[in-house]
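The block underneath contains the structure these notes are about, expressed in structure tokens.
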Amino acid sequence: MAGGDQPREPQRQVPSGWVRHPHERMLITPLMAGVGGLIAFFVVVAIVVWLPIHTFDPPPSADWAPLGDSALAGRKLFAQNGCYVCHSGYSRPQDVREALYFLYPKVSQPGDFYGSDQSPNLLGTERTGPDLSQESGWHPDDWQRAHFYDPRFVDPMSLMPDMKSLFSDKQVNQVVDYVEQRSGKSGLLRYAGQLYAKHIVLGNQGFPQPYTGFQGAHKPIVQAKPDSQLTPPKGQLPEAPNLSQIDRSYWLSGDPLPVTAANLDRGKEVFLQRCVGCHGLKGDGKGPAATFMSPPPADFTSKDDACCGGDTGPGDFYYRILRGWPGTAMENFGERLSVDDIWRVVLFIKTIPNGTLHTDRLPQPSDYIVWQPSKELIAWTKSHQKLTDNADFVKKVATDPFVQEAMRLFPGLAPGDSFLINDRKTRLSIKDAAAGIRALYLDMLNRAWQDAARRGEKLPSAAQKDILPTVPGQQ
Amino acid sequence: MAERTLERRPPLTADAPAPLTPRARQPSPFPDGAARHWIISSIVWLTVVDLFGLVLATEFVTPEAFGGISFLSFSRVRPSHVNGVILAWLSMMYFGALFYMLPRLVGTRGMWSERLGIACAWAWNLMYLLGVIGLLTGHSQGREYGEFIWPIDIALLVIWSLNIINILATVAVRTIRPIYVSVWFFIASPLWLAADYAIGNVIWHPGHIWGAPSGALNSSLSDAILNWWYAHNLFGLWLTPMLLALTYYIVPRITNTPLYSYTLSLISFWGMAFFYTGVGDHHILQSPTPAWLKTIAEVSSWMLLVPVFAFTINILGTMKGNWDKFFTNLPLRFTMTAFFFYFLVNIQGAFEAIQPFNKLTHFTNFVVAHAHLALLGAFTILGMGVIDYMVAQIWAKPLWSRSLSEWMYWLVTVGFTGFFSVLTLAGFQQGFSWQDGIPEVNVLPQLHAYYIARGIFGAMIVLSGIIQIVNIGMTIFTNTAERRRRETIVVAEAIAPPPVAS
């Protein structure tokens, strides 16, 4: 070793000029270490950085879509506030599951990242929360706003920091736009479906549009129009538009599980874990997230009118928990809860009017309110569940993605069904829904395309824009 | 035979005037001005970035803990923590050590310009302070490990370049012609990092200079390739080579043993240069990036074991016959503990970098554990020991309290080991759950206990950093040489035979 930390002996006399080091030969000169080290470095850099950057230029995938200006502003906020540290930005082959309600319906393709509006990269490195590359359209805007305000409002198990102190009303709208438009065309299609379903649900139930930004935090729960303005056309069941969002096989189905104390207890546990943010600790639909949402969350406390009219059977509940209720803020729990647990929650919901949500109360089988379908419902079911109707209802026949999306949103509508919803203005049928979704989708895509062109970004040929979206993993 | 009598001597008292020992009286021949500034800054930043980490650990347990304080939001604190560990704590510690060791190795009286080194230390502190204020207020480029905004990047590169000039000039005016292994790294590693930082942060593309998008390639996937190449080389071409350089200095110096093999050190130097530069893409192995690049990354990650084993054998060979000092000499114990964790992190990393294992562990806390194994287990523990060693040498007096140093060692070692273990287990829990199709949010409740344990172990690490500040501060500001003398007298009194009555 050369030199000492503390020379204990008298300083070694260094003759003028160079001296030979006591313990070593000159293995590397400073020039070799510096220049040679840099040459080694740049040789490898040429291979692993320069080469891929200059040769890897995938064309846009069929699913790729540019971002609109507002969504791009949201992307910038997403990047600047470090959201990528918990949310990755690509789904891997092993993430994808084939099912109706899984959040990763497809594997990210190289062409999905085309376009300079995708810079900087947000691929991420950790998943404390879910991957967001396929998030668009799974949740409506009002759910997103409540979630950004405080994630525990809609998901009590979440660890995400609340964004109420980070974003202004305008900024949160931009971030929501980004989340809803980031997943390419398939995401835009889902989002268009959400918007269309919201249009139908609000019209049918007589609610205004939800508050924007974080306004919901300071406002009362939205009020519906009086029932007098919401009368169905003659001969039509008031529940018919709601039922159209539920697969017919569930309309009259009962709960397959027995009403036991154990099942009810587990149902209560799951309810308290997952549902109270919106539906409230009393089950009255007045949870902290309720003011953000339109329509507001369902109230389960009324005995004769358990939820959404007295005609809500166990099958309806099950289906809405499993797949969500597009158009409302009800998200799907199919990925997060087992089938049995969903049925147990359904059992438990039917005991809430008897006060089973009190902290010191265990739900008992005697609390369970047995559901009886009304005469009108049975009559409607008979008139609208004919074999002939269902015979045409072969999902695989539809190849048009907008029809597919309409059928995903309104699985209870037969191709021949067509009726006015309860505002007596809006017509509901698969055909109308497909046309509406298509219009919304094209409007969003065209505006994003125009925004990108105005920003001067590199865009593929117009033929790419005309490629229809797909509905991955949904049919 | 005459009875032996003990010579009469005046009784030892603790109040006697203190004759300074010759060693303590002699001023250090090295000014070490630059080293002092960089070292003292680094131990302050260590506690700051530790506390950032503790904030994050707390938010994993109770996300509402700091509700309503925007600058303590998890997503803003995490980049501050990561950048702070690398650029404020470890880089400052490494430069401090470099400015201490380089003059001693090349036979100069201090750095080429100590004043330049001091000025750079202040500028660096200011640079990180402004950078972290930016991150905490949402001014970020949004690229992982490259979050600092463009003006900060430029400031960093300017200061870094001044340090390089200082280093190269010192080497140029050296009086010992052959340069030791550590000096190879002292020359090459700052050059590598400067190039890595400038390329990786795309500094020729400022964009929006106060935030994103900035310092990024236009093509997203190319940007990701560049991003992860850059991020990994922060460790591969700066933090790790400097760990080697410091270990190559400390171990022979403290054991007073020549380095085991210079040929092996050649392998470790060139192997590092060739293989580390190409591993970055193993961070995005399942992303839609070119397969050949992933292959290079996987192969390089395994080839990296060659320089790692060369280094390991070299250090173990030097330690042969010296292991008693591992138990008695604290800086050496820190160094060898860090050495062990460094070896472990490379073995772990090699497995992590191949597809089958990566599929299971990627995106989980396993990766977080791995990152802490390198930056906390290896680099930080080494840095704490080296600082204890250097402070005693620079100020030419013993440390204030040996037992506080022991506390520091055991708190950080036990704290880190626990931290690493629980996060590794949590990572497997996540990986296997996701493999079964369980969504992320459902796994979170299972992780709660791990997160609590991580917070407690993390608090131990914070405490050890604070202990180091106290110990170093008391060493500098009190007369520890006198204190040590009094302690010695007390001990001598206790063991001295009783004076014989005349």
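To be explicit about the labels: the chains of the structure tokens are called A, B, and onward in the order shown, and within each one the residues are counted from 1, while ligands get numbers from 1 in the order they are shown.
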
**OP:** Select all residues from chain B having any atom no more than 6 Å from an atom of chain A (counting only C-alpha atoms, ignoring ligands), output as a PyMOL selection string.
**Re:** chain B and resi 63+68+70+75-76+104-105+138-140+142+176-178+184+187-188+212-213+216+218-220+222-224+274+286+288+363-364+440

Could you dump the residues just selected with N, CA and C atoms as a short mmCIF file (atom, residue, chain, number, x, y, z; two decimals), in the first residue's frame?
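To be explicit, this is the file written out as out13.cif:
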data_model
loop_
_atom_site.label_atom_id
_atom_site.label_comp_id
_atom_site.auth_asym_id
_atom_site.auth_seq_id
_atom_site.Cartn_x
_atom_site.Cartn_y
_atom_site.Cartn_z
N PRO B 63 -51.75 4.69 5.17
CA PRO B 63 -51.59 5.67 4.08
C PRO B 63 -52.09 7.07 4.44
N GLY B 68 -53.07 15.15 3.76
CA GLY B 68 -53.24 16.58 3.62
C GLY B 68 -51.94 17.35 3.45
N SER B 70 -49.14 17.84 1.07
CA SER B 70 -48.88 17.40 -0.31
C SER B 70 -47.44 16.97 -0.49
N SER B 75 -45.94 9.36 -3.47
CA SER B 75 -45.40 9.36 -4.83
C SER B 75 -44.36 10.46 -5.04
N ARG B 76 -44.36 11.48 -4.19
CA ARG B 76 -43.34 12.51 -4.31
C ARG B 76 -42.14 12.20 -3.41
N ARG B 104 -3.47 10.16 -0.51
CA ARG B 104 -2.65 9.20 0.20
C ARG B 104 -2.12 8.12 -0.72
N LEU B 105 -2.87 7.84 -1.77
CA LEU B 105 -2.46 6.77 -2.68
C LEU B 105 -1.49 7.23 -3.75
N GLY B 138 -43.68 18.60 -6.89
CA GLY B 138 -44.23 18.11 -8.16
C GLY B 138 -43.48 18.57 -9.39
N HIS B 139 -42.22 18.99 -9.24
CA HIS B 139 -41.43 19.33 -10.42
C HIS B 139 -40.46 18.19 -10.69
N SER B 140 -40.87 17.33 -11.60
CA SER B 140 -40.13 16.10 -11.83
C SER B 140 -40.20 15.77 -13.30
N GLY B 142 -40.31 12.75 -14.22
CA GLY B 142 -41.16 11.55 -14.30
C GLY B 142 -40.47 10.36 -14.92
N ILE B 176 3.91 9.27 -6.75
CA ILE B 176 4.12 7.82 -6.84
C ILE B 176 3.59 7.39 -8.19
N ARG B 177 4.49 6.91 -9.02
CA ARG B 177 4.10 6.76 -10.41
C ARG B 177 3.07 5.65 -10.64
N PRO B 178 3.31 4.43 -10.17
CA PRO B 178 2.29 3.40 -10.42
C PRO B 178 1.03 3.74 -9.64
N TRP B 184 -7.53 3.30 -10.11
CA TRP B 184 -8.14 3.01 -11.41
C TRP B 184 -9.61 3.39 -11.37
N ILE B 187 -10.39 7.08 -11.16
CA ILE B 187 -10.30 7.79 -12.44
C ILE B 187 -11.49 7.44 -13.33
N ALA B 188 -11.75 6.13 -13.47
CA ALA B 188 -12.71 5.69 -14.47
C ALA B 188 -14.16 5.91 -14.03
N ALA B 212 -42.10 17.47 -16.56
CA ALA B 212 -42.23 16.54 -17.67
C ALA B 212 -43.05 17.19 -18.79
N PRO B 213 -42.92 16.73 -20.03
CA PRO B 213 -41.91 15.80 -20.50
C PRO B 213 -40.61 16.52 -20.77
N ALA B 216 -36.18 13.20 -22.11
CA ALA B 216 -36.62 11.86 -22.48
C ALA B 216 -36.59 11.75 -23.99
N ASN B 218 -38.23 10.73 -27.58
CA ASN B 218 -39.60 10.84 -28.04
C ASN B 218 -40.30 9.50 -28.12
N SER B 219 -39.56 8.47 -28.48
CA SER B 219 -40.18 7.16 -28.59
C SER B 219 -40.19 6.49 -27.22
N SER B 220 -41.37 6.10 -26.79
CA SER B 220 -41.55 5.66 -25.41
C SER B 220 -40.70 4.45 -25.06
N SER B 222 -38.00 3.25 -26.65
CA SER B 222 -36.58 3.61 -26.67
C SER B 222 -36.22 4.35 -25.40
N ASP B 223 -37.12 5.20 -24.97
CA ASP B 223 -36.89 5.94 -23.73
C ASP B 223 -36.78 4.99 -22.55
N ALA B 224 -37.62 3.95 -22.55
CA ALA B 224 -37.57 2.98 -21.46
C ALA B 224 -36.25 2.22 -21.48
N PHE B 274 -16.96 -3.93 -18.86
CA PHE B 274 -17.60 -4.55 -20.02
C PHE B 274 -18.98 -5.11 -19.70
N GLN B 286 -40.11 -8.37 -19.29
CA GLN B 286 -41.37 -8.79 -19.90
C GLN B 286 -42.08 -7.66 -20.62
N PRO B 288 -42.56 -5.03 -23.92
CA PRO B 288 -42.45 -5.26 -25.37
C PRO B 288 -41.22 -4.59 -25.96
N PHE B 363 -41.85 -6.59 -10.26
CA PHE B 363 -42.93 -5.72 -9.77
C PHE B 363 -43.26 -5.95 -8.29
N THR B 364 -42.60 -6.93 -7.63
CA THR B 364 -42.94 -7.19 -6.23
C THR B 364 -41.92 -6.53 -5.30
N GLU B 440 -53.78 -7.33 -7.30
CA GLU B 440 -52.85 -6.65 -6.41
C GLU B 440 -53.53 -6.21 -5.11
#

Original post:
Could you pull out the helix (DSSP H, G or I) residues of stretch 173-298 of chain B from DSSP and send them as JSON, numbers by chain?
Top reply: {"B": [181, 182, 183, 184, 185, 186, 187, 188, 189, 190, 191, 192, 193, 194, 195, 196, 197, 198, 199, 200, 220, 221, 222, 223, 224, 225, 226, 227, 228, 229, 230, 231, 232, 233, 234, 235, 236, 237, 238, 239, 240, 241, 242, 243, 244, 245, 246, 247, 248, 249, 250, 251, 252, 253, 254, 255, 262, 263, 264, 265, 266, 267, 268, 269, 270, 271, 272, 273, 274, 275, 276, 277, 278, 280, 281, 282, 283, 284, 291, 292, 293, 294, 295, 296, 297, 298]}

Subject >> Long-range neighbours of B:Met336 as a PyMOL selection string, 10 Å cut-off, only C-alpha atoms, 5 positions minimum in chain >> reply: chain B and resi 247+250-251+315-316+319+323+326+330-331+341-342+378+381-382+385

Subject >> Long-range neighbours of B:Ser401 as an MDAnalysis selection string, 7 Å cut-off, only C-alpha atoms, 3 positions minimum in chain >> reply: chainID B and resid 404:405 471

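Atom CA of B:Leu191 to atom CA of B:His232 spans 15.8 Å [interatomic distance, one decimal].
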
Original post:
If you run DSSP on this backbone, which residues of stretch 237-471 of chain A come out as strand (DSSP E), and could you give them as a PyMOL selection string?
Top reply: chain A and resi 419-420+427-428

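Near A:Gln229, within 12 Å and counting only C-alpha atoms, sit A:Gly203, A:Asn204, A:Gln205, A:Gly206, A:Phe207, A:Ala224, A:Lys225, A:Pro233, A:Ile421, A:Asn422, A:Asp423, A:Arg424, A:Lys425; same-chain residues fewer than 4 positions away were not included.
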
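Minimum atom-to-atom distances from B:Ser300, B:Gln393, B:Asn329, B:Asn479 to B:Phe351 were compared using only C-alpha atoms, and the lowest value belongs to B:Ser300.
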
Subject >> stretch 92-98 of chain B surroundings by only C-alpha atoms, 8 Å radius, close-in-sequence under 5 positions cut, as a PyMOL selection string >> reply: chain B and resi 34-39+41-43+87+121+186+242+246+383+386-387+390

Selected residues written out with C-alpha atoms, as a PDB file, in the first residue's frame:
ATOM      1  CA  ALA B  34     -12.561  18.706   0.653  1.00  0.00           C
ATOM      2  CA  ALA B  35     -12.924  15.323   2.283  1.00  0.00           C
ATOM      3  CA  ARG B  36     -14.232  16.865   5.505  1.00  0.00           C
ATOM      4  CA  HIS B  37     -16.923  18.843   3.704  1.00  0.00           C
ATOM      5  CA  TRP B  38     -18.152  15.963   1.582  1.00  0.00           C
ATOM      6  CA  ILE B  39     -18.130  13.501   4.505  1.00  0.00           C
ATOM      7  CA  SER B  41     -22.546  16.647   4.355  1.00  0.00           C
ATOM      8  CA  SER B  42     -23.082  13.011   3.536  1.00  0.00           C
ATOM      9  CA  ILE B  43     -23.869  11.875   7.066  1.00  0.00           C
ATOM     10  CA  LEU B  87     -26.877  11.406  -5.133  1.00  0.00           C
ATOM     11  CA  ALA B 121     -19.374  20.231  -1.784  1.00  0.00           C
ATOM     12  CA  PHE B 186     -11.269   6.753  -8.916  1.00  0.00           C
ATOM     13  CA  MET B 242     -16.587   2.863  -5.767  1.00  0.00           C
ATOM     14  CA  LEU B 246     -13.002   1.708  -1.023  1.00  0.00           C
ATOM     15  CA  GLY B 383     -19.941   4.112   3.924  1.00  0.00           C
ATOM     16  CA  VAL B 386     -15.381   4.139   6.169  1.00  0.00           C
ATOM     17  CA  ILE B 387     -16.606   7.430   7.600  1.00  0.00           C
ATOM     18  CA  MET B 390     -11.711   8.520   8.053  1.00  0.00           C
TER      19      MET B 390
END
